[in-house]
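S.K.: input-v1.pdb (PDB, C-alpha atoms, pLDDT in the B column) pasted underneath:
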```pdb
ATOM      1  CA  MET S   1      11.581  73.848 -35.008  1.00 56.00           C
ATOM      2  CA  ASP S   2      12.358  71.094 -32.504  1.00 67.00           C
ATOM      3  CA  LYS S   3      11.151  67.737 -33.845  1.00 74.00           C
ATOM      4  CA  ASP S   4       9.828  66.835 -30.383  1.00 84.00           C
ATOM      5  CA  TYR S   5       7.996  70.134 -29.866  1.00 86.00           C
ATOM      6  CA  GLU S   6       4.508  68.590 -29.742  1.00 90.00           C
ATOM      7  CA  LYS S   7       5.639  65.815 -27.395  1.00 91.00           C
ATOM      8  CA  LYS S   8       7.258  68.353 -25.071  1.00 90.00           C
ATOM      9  CA  ARG S   9       4.055  70.424 -24.975  1.00 92.00           C
ATOM     10  CA  LYS S  10       2.105  67.278 -24.077  1.00 94.00           C
ATOM     11  CA  ILE S  11       4.538  66.521 -21.261  1.00 94.00           C
ATOM     12  CA  ILE S  12       4.097  70.029 -19.874  1.00 94.00           C
ATOM     13  CA  GLY S  13       0.321  69.518 -20.055  1.00 96.00           C
ATOM     14  CA  GLU S  14       0.653  66.220 -18.177  1.00 96.00           C
ATOM     15  CA  ILE S  15       2.688  67.914 -15.462  1.00 96.00           C
ATOM     16  CA  LEU S  16       0.122  70.713 -15.136  1.00 96.00           C
ATOM     17  CA  LYS S  17      -2.665  68.135 -14.938  1.00 97.00           C
ATOM     18  CA  ALA S  18      -0.823  66.214 -12.207  1.00 97.00           C
ATOM     19  CA  GLU S  19      -0.436  69.466 -10.245  1.00 96.00           C
ATOM     20  CA  ARG S  20      -4.134  70.240 -10.670  1.00 96.00           C
ATOM     21  CA  LEU S  21      -5.117  66.760  -9.493  1.00 96.00           C
ATOM     22  CA  SER S  22      -2.772  67.015  -6.510  1.00 95.00           C
ATOM     23  CA  LYS S  23      -4.777  70.085  -5.430  1.00 94.00           C
ATOM     24  CA  VAL S  24      -8.008  68.069  -5.916  1.00 94.00           C
ATOM     25  CA  TYR S  25      -9.248  70.632  -8.434  1.00 95.00           C
ATOM     26  CA  ASP S  26     -11.436  69.594 -11.318  1.00 96.00           C
ATOM     27  CA  GLN S  27     -11.008  71.425 -14.614  1.00 96.00           C
ATOM     28  CA  GLU S  28     -14.050  73.594 -13.941  1.00 97.00           C
ATOM     29  CA  LYS S  29     -12.688  74.858 -10.619  1.00 96.00           C
ATOM     30  CA  LEU S  30      -9.298  75.718 -12.095  1.00 97.00           C
ATOM     31  CA  ALA S  31     -10.984  77.390 -15.074  1.00 97.00           C
ATOM     32  CA  LYS S  32     -13.028  79.546 -12.707  1.00 97.00           C
ATOM     33  CA  ILE S  33      -9.909  80.569 -10.753  1.00 96.00           C
ATOM     34  CA  LEU S  34      -8.130  81.518 -13.986  1.00 96.00           C
ATOM     35  CA  GLY S  35     -11.154  83.184 -15.555  1.00 96.00           C
ATOM     36  CA  VAL S  36     -11.186  80.905 -18.601  1.00 96.00           C
ATOM     37  CA  ASN S  37     -13.504  78.166 -19.791  1.00 96.00           C
ATOM     38  CA  GLN S  38     -13.048  74.466 -19.036  1.00 96.00           C
ATOM     39  CA  ALA S  39     -12.117  73.716 -22.654  1.00 96.00           C
ATOM     40  CA  CYS S  40      -9.077  75.966 -22.265  1.00 96.00           C
ATOM     41  CA  ILE S  41      -7.858  73.861 -19.328  1.00 96.00           C
ATOM     42  CA  SER S  42      -8.511  70.651 -21.249  1.00 97.00           C
ATOM     43  CA  LYS S  43      -6.536  71.874 -24.281  1.00 96.00           C
ATOM     44  CA  THR S  44      -3.653  72.986 -22.044  1.00 95.00           C
ATOM     45  CA  GLU S  45      -3.464  69.615 -20.325  1.00 96.00           C
ATOM     46  CA  LYS S  46      -3.508  67.791 -23.668  1.00 96.00           C
ATOM     47  CA  GLY S  47      -0.699  69.979 -24.996  1.00 93.00           C
ATOM     48  CA  ALA S  48      -2.978  71.425 -27.666  1.00 93.00           C
ATOM     49  CA  ARG S  49      -2.771  75.025 -26.425  1.00 92.00           C
ATOM     50  CA  LYS S  50       0.239  77.306 -26.507  1.00 89.00           C
ATOM     51  CA  MET S  51       0.803  79.528 -23.495  1.00 89.00           C
ATOM     52  CA  ASP S  52       3.074  82.501 -23.044  1.00 87.00           C
ATOM     53  CA  VAL S  53       5.153  82.963 -19.903  1.00 88.00           C
ATOM     54  CA  VAL S  54       2.644  85.281 -18.227  1.00 90.00           C
ATOM     55  CA  GLN S  55      -0.166  82.774 -18.743  1.00 92.00           C
ATOM     56  CA  LEU S  56       2.056  80.002 -17.413  1.00 91.00           C
ATOM     57  CA  MET S  57       2.861  82.082 -14.326  1.00 91.00           C
ATOM     58  CA  GLU S  58      -0.848  82.699 -13.728  1.00 94.00           C
ATOM     59  CA  TYR S  59      -1.527  78.974 -14.144  1.00 94.00           C
ATOM     60  CA  CYS S  60       1.212  78.141 -11.620  1.00 94.00           C
ATOM     61  CA  ASN S  61      -0.111  80.743  -9.207  1.00 94.00           C
ATOM     62  CA  ALA S  62      -3.601  79.217  -9.415  1.00 96.00           C
ATOM     63  CA  LEU S  63      -2.084  75.816  -8.624  1.00 96.00           C
ATOM     64  CA  GLY S  64      -0.057  77.163  -5.708  1.00 94.00           C
ATOM     65  CA  ILE S  65       3.341  76.447  -7.241  1.00 93.00           C
ATOM     66  CA  THR S  66       6.091  78.683  -8.550  1.00 91.00           C
ATOM     67  CA  LEU S  67       7.275  78.826 -12.117  1.00 88.00           C
ATOM     68  CA  THR S  68      10.640  77.622 -10.805  1.00 88.00           C
ATOM     69  CA  GLU S  69       9.056  74.513  -9.287  1.00 90.00           C
ATOM     70  CA  LEU S  70       7.281  73.801 -12.550  1.00 92.00           C
ATOM     71  CA  SER S  71      10.522  74.324 -14.474  1.00 88.00           C
ATOM     72  CA  VAL S  72      12.321  71.771 -12.297  1.00 87.00           C
ATOM     73  CA  LYS S  73       9.573  69.204 -12.948  1.00 90.00           C
ATOM     74  CA  ILE S  74       9.686  69.898 -16.681  1.00 89.00           C
ATOM     75  CA  ASP S  75      13.470  69.675 -16.695  1.00 84.00           C
ATOM     76  CA  ASN S  76      13.370  66.330 -14.890  1.00 85.00           C
ATOM     77  CA  ARG S  77      10.898  64.858 -17.389  1.00 88.00           C
ATOM     78  CA  PHE S  78      12.771  66.207 -20.414  1.00 85.00           C
ATOM     79  CA  TRP S  79      16.020  64.900 -18.935  1.00 81.00           C
ATOM     80  CA  THR S  80      14.652  61.361 -18.801  1.00 84.00           C
ATOM     81  CA  GLU S  81      12.600  61.364 -22.019  1.00 84.00           C
ATOM     82  CA  PHE S  82      14.890  63.164 -24.458  1.00 80.00           C
ATOM     83  CA  PRO S  83      18.472  61.863 -24.616  1.00 74.00           C
ATOM     84  CA  GLU S  84      19.528  64.868 -26.691  1.00 72.00           C
ATOM     85  CA  TYR S  85      18.376  67.141 -23.849  1.00 67.00           C
ATOM     86  CA  ARG S  86      21.416  66.082 -21.877  1.00 64.00           C
ATOM     87  CA  THR S  87      24.613  66.678 -23.751  1.00 62.00           C
ATOM     88  CA  GLY S  88      27.797  65.069 -22.587  1.00 51.00           C
ATOM     89  CA  LYS S  89      29.454  64.422 -19.274  1.00 48.00           C
ATOM     90  CA  ASP S  90      29.454  68.064 -18.168  1.00 44.00           C
ATOM     91  CA  ALA S  91      25.655  68.285 -18.392  1.00 54.00           C
ATOM     92  CA  THR S  92      25.282  65.173 -16.197  1.00 50.00           C
ATOM     93  CA  ILE S  93      27.643  66.563 -13.584  1.00 46.00           C
ATOM     94  CA  LEU S  94      25.965  69.972 -13.701  1.00 49.00           C
ATOM     95  CA  LYS S  95      22.471  68.494 -13.331  1.00 55.00           C
ATOM     96  CA  SER S  96      23.419  66.230 -10.425  1.00 54.00           C
ATOM     97  CA  PHE S  97      24.910  69.232  -8.623  1.00 51.00           C
ATOM     98  CA  THR S  98      22.509  72.060  -9.419  1.00 57.00           C
ATOM     99  CA  LEU S  99      19.154  70.300  -9.079  1.00 59.00           C
ATOM    100  CA  PRO S 100      19.504  69.516  -5.333  1.00 63.00           C
ATOM    101  CA  ILE S 101      20.726  73.050  -4.678  1.00 64.00           C
ATOM    102  CA  LEU S 102      17.829  74.546  -6.644  1.00 65.00           C
ATOM    103  CA  GLN S 103      15.357  72.330  -4.759  1.00 65.00           C
ATOM    104  CA  LEU S 104      16.886  73.409  -1.445  1.00 64.00           C
ATOM    105  CA  CYS S 105      16.583  77.072  -2.434  1.00 62.00           C
ATOM    106  CA  ILE S 106      12.930  76.572  -3.374  1.00 65.00           C
ATOM    107  CA  ARG S 107      12.212  75.007   0.027  1.00 63.00           C
ATOM    108  CA  LEU S 108      14.016  77.832   1.782  1.00 61.00           C
ATOM    109  CA  MET S 109      12.135  80.467  -0.202  1.00 62.00           C
ATOM    110  CA  LYS S 110       8.875  78.903   0.938  1.00 62.00           C
ATOM    111  CA  ASN S 111       9.882  78.767   4.596  1.00 60.00           C
ATOM    112  CA  LEU S 112      12.275  81.640   5.115  1.00 56.00           C
ATOM    113  CA  ASN S 113      12.592  85.152   3.892  1.00 53.00           C
ATOM    114  CA  TYR S 114      14.354  85.992   0.638  1.00 52.00           C
ATOM    115  CA  LEU S 115      17.352  87.476   2.472  1.00 52.00           C
ATOM    116  CA  SER S 116      18.196  84.045   3.920  1.00 51.00           C
ATOM    117  CA  VAL S 117      18.051  82.499   0.473  1.00 48.00           C
ATOM    118  CA  PHE S 118      20.217  85.247  -0.942  1.00 52.00           C
ATOM    119  CA  ALA S 119      22.758  84.644   1.840  1.00 54.00           C
ATOM    120  CA  LEU S 120      22.801  80.904   1.092  1.00 49.00           C
ATOM    121  CA  MET S 121      23.224  81.473  -2.633  1.00 51.00           C
ATOM    122  CA  THR S 122      26.081  83.893  -1.961  1.00 52.00           C
ATOM    123  CA  ILE S 123      27.869  81.203   0.059  1.00 52.00           C
ATOM    124  CA  LEU S 124      27.388  78.597  -2.654  1.00 50.00           C
TER     125      LEU S 124
END
```
Could you show the structure in this file as structure tokens?

M.R.:
Amino acid sequence: MDKDYEKKRKIIGEILKAERLSKVYDQEKLAKILGVNQACISKTEKGARKMDVVQLMEYCNALGITLTELSVKIDNRFWTEFPEYRTGKDATILKSFTLPILQLCIRLMKNLNYLSVFALMTIL
């Protein structure tokens, strides 16, 4: 298993907490939306609770973000905190190119219909 597994889970919890706070939700409100108890939210934000993809999607939905948006935030944090996460010159070039395009596509998906995004991605 990854030696930084626990640290990475804590980072994901920190990101989820920041998203919750940006929505001005307390843990109780988010717990009610998700149908769980407040302790579950606390454990998630501390990185002490494992979540599967479906649970993570439900969490994102409750926070009003997409799983893709969360993934970009996680990727950015991992990129800066774990040197081994970025491997070689190609990864740096790829990240500097794909991240702005992915962020643009996310913005377009929020504001336009999916057909427009598909057309843009076809061009790129």

S.K.: Expressed in Å to a single decimal, how great is the separation between CA of Leu30 (chain S) and CA of Glu81 (chain S)?

M.R.: 28.0 Å

S.K.: Using all atoms listed in the file, determine which residues lie at most 12 Å from Lys3 (chain S), disregarding the query and same-chain residues fewer than 4 positions distant; provide the list as an MDAnalysis selection string.

M.R.: chainID S and resid 7:9 82 84

S.K.: Restrict the selected residues to C-alpha atoms and save them as a compact mmCIF listing (two decimals), in the frame of the given file.

M.R.:
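Produced file selection19.txt, reproduced below:
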```txt
# COMPACT_ATOMS: atom_id res chain seq x y z
CA LYS S 7 5.64 65.82 -27.40
CA LYS S 8 7.26 68.35 -25.07
CA ARG S 9 4.06 70.42 -24.98
CA PHE S 82 14.89 63.16 -24.46
CA GLU S 84 19.53 64.87 -26.69
```

S.K.: Between CA of Leu63 (chain S) and CA of Tyr25 (chain S), what distance in Å does the model show, to one decimal?

M.R.: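 Separation between CA of Leu63 (chain S) and CA of Tyr25 (chain S): 8.8 Å.
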
S.K.: Which distance in Å separates CA of Ile41 (chain S) and CA of Asp26 (chain S), to one decimal?

M.R.: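 The value is 9.8 Å.
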
S.K.: List the residues selected by the PyMOL selection byres ((chain S and resi 33) around 12) in the file shown, writing them as a list of chain:residue names.

M.R.: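 Answer for the PyMOL selection byres ((chain S and resi 33) around 12): S:Arg20, S:Tyr25, S:Asp26, S:Gln27, S:Glu28, S:Lys29, S:Leu30, S:Ala31, S:Lys32, S:Leu34, S:Gly35, S:Val36, S:Asn37, S:Gln38, S:Ile41, S:Glu58, S:Tyr59, S:Cys60, S:Asn61, S:Ala62, S:Leu63, S:Gly64.
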
S.K.: What do you get, as a PDB file with C-alpha atoms, keeping the file's coordinate frame, if you spell out every residue that the PyMOL selection byres ((chain S and resi 74) around 10) selects here?

M.R.:
```pdb
ATOM      1  CA  LYS S   8       7.258  68.353 -25.071  1.00 90.00           C
ATOM      2  CA  ILE S  11       4.538  66.521 -21.261  1.00 94.00           C
ATOM      3  CA  ILE S  12       4.097  70.029 -19.874  1.00 94.00           C
ATOM      4  CA  GLY S  13       0.321  69.518 -20.055  1.00 96.00           C
ATOM      5  CA  GLU S  14       0.653  66.220 -18.177  1.00 96.00           C
ATOM      6  CA  ILE S  15       2.688  67.914 -15.462  1.00 96.00           C
ATOM      7  CA  LEU S  16       0.122  70.713 -15.136  1.00 96.00           C
ATOM      8  CA  THR S  68      10.640  77.622 -10.805  1.00 88.00           C
ATOM      9  CA  GLU S  69       9.056  74.513  -9.287  1.00 90.00           C
ATOM     10  CA  LEU S  70       7.281  73.801 -12.550  1.00 92.00           C
ATOM     11  CA  SER S  71      10.522  74.324 -14.474  1.00 88.00           C
ATOM     12  CA  VAL S  72      12.321  71.771 -12.297  1.00 87.00           C
ATOM     13  CA  LYS S  73       9.573  69.204 -12.948  1.00 90.00           C
ATOM     14  CA  ASP S  75      13.470  69.675 -16.695  1.00 84.00           C
ATOM     15  CA  ASN S  76      13.370  66.330 -14.890  1.00 85.00           C
ATOM     16  CA  ARG S  77      10.898  64.858 -17.389  1.00 88.00           C
ATOM     17  CA  PHE S  78      12.771  66.207 -20.414  1.00 85.00           C
ATOM     18  CA  TRP S  79      16.020  64.900 -18.935  1.00 81.00           C
TER      19      TRP S  79
END
```

S.K.: Enclose region 36-45 of chain S, meaning all of its atoms listed in the file, in a box aligned along x, y and z, pad it by 4 Å on each side, and list the centre and edge lengths in Å to one decimal, as AutoDock Vina command-line options.

M.R.:
```
--center_x -8.5 --center_y 75.3 --center_z -21.4 --size_x 18.0 --size_y 19.3 --size_z 13.7
```
